[in-house]
Amino acid sequence: MRFSPGDRVRTRHTDPPHHTRLPRYARGAAGTVLHDEGEHPLADDRSRGMHPVPQPVYAVRFEARELFGAGEHTVTLSLWEDYLEPL
Amino acid sequence: MSHSDASIAARVRHVEALLEERGLVDAQELDRALEAFLANAKPANGKRIVARAWADTGFKARLLENANTAIEEIGLSMGGGLQQQTLKVVENTPEVHNVIVCTLCSCYPIALLGPSPAWYKSPAYRSRVVRDPRGVLAEFGFDPEGEIAVWDASAETRYLVLPRRPAATEGWDEQRLAEAVTRNGLIGTAPV
């Protein structure tokens, strides 16, 4: 596990030419790790017929203001470790 | 657009027809597997979970800690589909109201809520509730107090909302409590 609850992370900003579970609205955004959700094979690789080794998935919480520039709510996403960089 | 008229649905039907034509799968076998799964997949399951959590604080604590093992105590499970899914129960409080969405497709705890309603799968709900949850909830006639936490089921975890127990339900048994819960309450688009 590379990240722990409370860690600040930033999501990757790349726009891959294949399936991904990092939604466009949450790319390049700074958030906080809430908890881990176990290890799962990366959906991006599975969708391309690969057999990836499972990697940690984290629940990461973002302020709406960070994602959309406005809003008082939060949005929490489940994100694979590959999508995240330490902040 | 609903799932049944999506282009992927046409492709799935075509692949299914080819598999049947070549004798690789039996159409009745597929129907039986689907029927067996859906026969037990209904909102009554989710309502029972909530009623037990309201009635039993020990169960509620276990449910919030590890929902997959807690729901086995009342004979439910997240298995039965292609793979066992992780369930995360998120609790509403006076400070935080939770809402569930899947912006990428339509991930949903089918085993506990049955097939999802059309609005849950609609591009309008999926794109708007992450950006303006209070505006979307207002269209459901609901204005929750406190902060709103949206959960986007973007990976392998499925979410279920634990609504706040309504006032004046002291002494109600679990069956009566379960009847007070609505499907939308379990998604977060209704108070209970």
# chains A, B, ... in the order shown; residues from 1 in each chain; ligands from 1
>>> residues_around(residues="A:Gly71", least_positions_apart="2", cutoff="12 Å", atoms="only C-alpha atoms", output="list of chain:residue names")
A:Phe62, A:Glu63, A:Ala64, A:Arg65, A:Glu66, A:Leu67, A:Phe68, A:Gly69, A:His73, A:Thr74, A:Val75, B:Val129, B:Val130, B:Arg131, B:Asp132, B:Pro133, B:Arg134, B:Gly135, B:Glu147, B:Ile148, B:Ala149, B:Val150
>>> residues_around(residues="B:Gly114", least_positions_apart="6", cutoff="10 Å", atoms="only C-alpha atoms", output="PyMOL selection string")
chain B and resi 37-46+108+183
>>> write_last_selection(atoms="N, CA, C and O atoms", output="PDB file, in the first residue's frame")
ATOM      1  N   PHE B  37     -30.574 -15.274  -9.801  1.00  0.00           N
ATOM      2  CA  PHE B  37     -29.965 -14.098  -9.181  1.00  0.00           C
ATOM      3  C   PHE B  37     -31.022 -13.031  -8.889  1.00  0.00           C
ATOM      4  O   PHE B  37     -31.101 -12.502  -7.783  1.00  0.00           O
ATOM      5  N   LEU B  38     -31.874 -12.775  -9.886  1.00  0.00           N
ATOM      6  CA  LEU B  38     -32.833 -11.677  -9.730  1.00  0.00           C
ATOM      7  C   LEU B  38     -33.988 -12.023  -8.787  1.00  0.00           C
ATOM      8  O   LEU B  38     -34.590 -11.135  -8.187  1.00  0.00           O
ATOM      9  N   ALA B  39     -34.278 -13.325  -8.635  1.00  0.00           N
ATOM     10  CA  ALA B  39     -35.387 -13.722  -7.743  1.00  0.00           C
ATOM     11  C   ALA B  39     -35.121 -13.249  -6.320  1.00  0.00           C
ATOM     12  O   ALA B  39     -36.045 -12.921  -5.584  1.00  0.00           O
ATOM     13  N   ASN B  40     -33.836 -13.225  -5.927  1.00  0.00           N
ATOM     14  CA  ASN B  40     -33.492 -12.823  -4.565  1.00  0.00           C
ATOM     15  C   ASN B  40     -33.031 -11.376  -4.476  1.00  0.00           C
ATOM     16  O   ASN B  40     -32.722 -10.901  -3.397  1.00  0.00           O
ATOM     17  N   ALA B  41     -32.940 -10.706  -5.605  1.00  0.00           N
ATOM     18  CA  ALA B  41     -32.428  -9.330  -5.624  1.00  0.00           C
ATOM     19  C   ALA B  41     -33.603  -8.369  -5.572  1.00  0.00           C
ATOM     20  O   ALA B  41     -34.303  -8.173  -6.565  1.00  0.00           O
ATOM     21  N   LYS B  42     -33.864  -7.782  -4.424  1.00  0.00           N
ATOM     22  CA  LYS B  42     -35.017  -6.885  -4.290  1.00  0.00           C
ATOM     23  C   LYS B  42     -34.758  -5.856  -3.189  1.00  0.00           C
ATOM     24  O   LYS B  42     -33.998  -6.115  -2.257  1.00  0.00           O
ATOM     25  N   PRO B  43     -35.445  -4.709  -3.291  1.00  0.00           N
ATOM     26  CA  PRO B  43     -35.203  -3.645  -2.302  1.00  0.00           C
ATOM     27  C   PRO B  43     -35.512  -4.067  -0.869  1.00  0.00           C
ATOM     28  O   PRO B  43     -34.984  -3.475   0.072  1.00  0.00           O
ATOM     29  N   ALA B  44     -36.347  -5.099  -0.702  1.00  0.00           N
ATOM     30  CA  ALA B  44     -36.669  -5.560   0.654  1.00  0.00           C
ATOM     31  C   ALA B  44     -35.400  -5.940   1.409  1.00  0.00           C
ATOM     32  O   ALA B  44     -35.331  -5.797   2.637  1.00  0.00           O
ATOM     33  N   ASN B  45     -34.376  -6.416   0.687  1.00  0.00           N
ATOM     34  CA  ASN B  45     -33.109  -6.777   1.349  1.00  0.00           C
ATOM     35  C   ASN B  45     -32.453  -5.557   1.975  1.00  0.00           C
ATOM     36  O   ASN B  45     -32.056  -5.574   3.140  1.00  0.00           O
ATOM     37  N   GLY B  46     -32.334  -4.498   1.183  1.00  0.00           N
ATOM     38  CA  GLY B  46     -31.719  -3.274   1.692  1.00  0.00           C
ATOM     39  C   GLY B  46     -32.510  -2.702   2.859  1.00  0.00           C
ATOM     40  O   GLY B  46     -31.942  -2.208   3.843  1.00  0.00           O
ATOM     41  N   TYR B 108     -24.403  -0.557  -9.130  1.00  0.00           N
ATOM     42  CA  TYR B 108     -25.548  -0.483  -8.226  1.00  0.00           C
ATOM     43  C   TYR B 108     -25.572  -1.788  -7.435  1.00  0.00           C
ATOM     44  O   TYR B 108     -25.262  -2.842  -8.000  1.00  0.00           O
ATOM     45  N   ARG B 183     -36.736   2.657  -1.403  1.00  0.00           N
ATOM     46  CA  ARG B 183     -35.560   2.380  -2.243  1.00  0.00           C
ATOM     47  C   ARG B 183     -34.733   3.651  -2.438  1.00  0.00           C
ATOM     48  O   ARG B 183     -33.509   3.633  -2.341  1.00  0.00           O
TER      49      ARG B 183
END
>>> interface_residues(of="chain B", to="chain A", cutoff="12 Å", atoms="only C-alpha atoms", output="PyMOL selection string")
chain B and resi 65-66+83+85-88+90+95-105+107+126-135+144-159
>>> select_by_dssp(residues="stretch 43-167 of chain B", states="strand (DSSP E)", output="list in words")
Thr86, Leu87, Lys88, Val89, Val90, Glu91, Val96, His97, Asn98, Val99, Ile100, Val101, Glu147, Ile148, Ala149, Val150, Trp151, Asp152, Thr157, Arg158, Tyr159, Leu160, Val161 and Leu162 of chain B
>>> select_by_dssp(residues="stretch 4-184 of chain B", states="alpha helix (DSSP H)", output="MDAnalysis selection string")
chainID B and resid 7:21 27:39 43:55 57:65 67:72 110:113 118:121 123:128 133:139 174:179 183:184
>>> atom_distance(atom1="atom CA of B:Gly171", atom2="atom CA of B:Phe142")
26.8 Å
>>> atom_distance(atom1="atom CA of B:Leu177", atom2="atom CA of B:Ala190")
15.8 Å
>>> residues_around(residues="A:Arg12", least_positions_apart="6", cutoff="8 Å", atoms="only C-alpha atoms", output="JSON, numbers by chain")
{"A": [27, 28, 29, 83, 84, 85]}
>>> residues_around(residues="B:Val161", least_positions_apart="6", cutoff="7 Å", atoms="only C-alpha atoms", output="list of chain:residue names")
B:Val89, B:Val90, B:Glu91, B:Asn98, B:Leu186, B:Ile187, B:Gly188
>>> write_last_selection(atoms="C-alpha atoms", output="short mmCIF file (atom, residue, chain, number, x, y, z; two decimals), in the first residue's frame")
data_model
loop_
_atom_site.label_atom_id
_atom_site.label_comp_id
_atom_site.auth_asym_id
_atom_site.auth_seq_id
_atom_site.Cartn_x
_atom_site.Cartn_y
_atom_site.Cartn_z
CA VAL B 89 -22.57 1.28 3.87
CA VAL B 90 -22.45 5.05 4.39
CA GLU B 91 -24.41 6.55 7.27
CA ASN B 98 -24.85 10.67 1.39
CA LEU B 186 -31.11 3.67 0.17
CA ILE B 187 -29.63 5.57 -2.81
CA GLY B 188 -29.80 8.92 -1.01
#
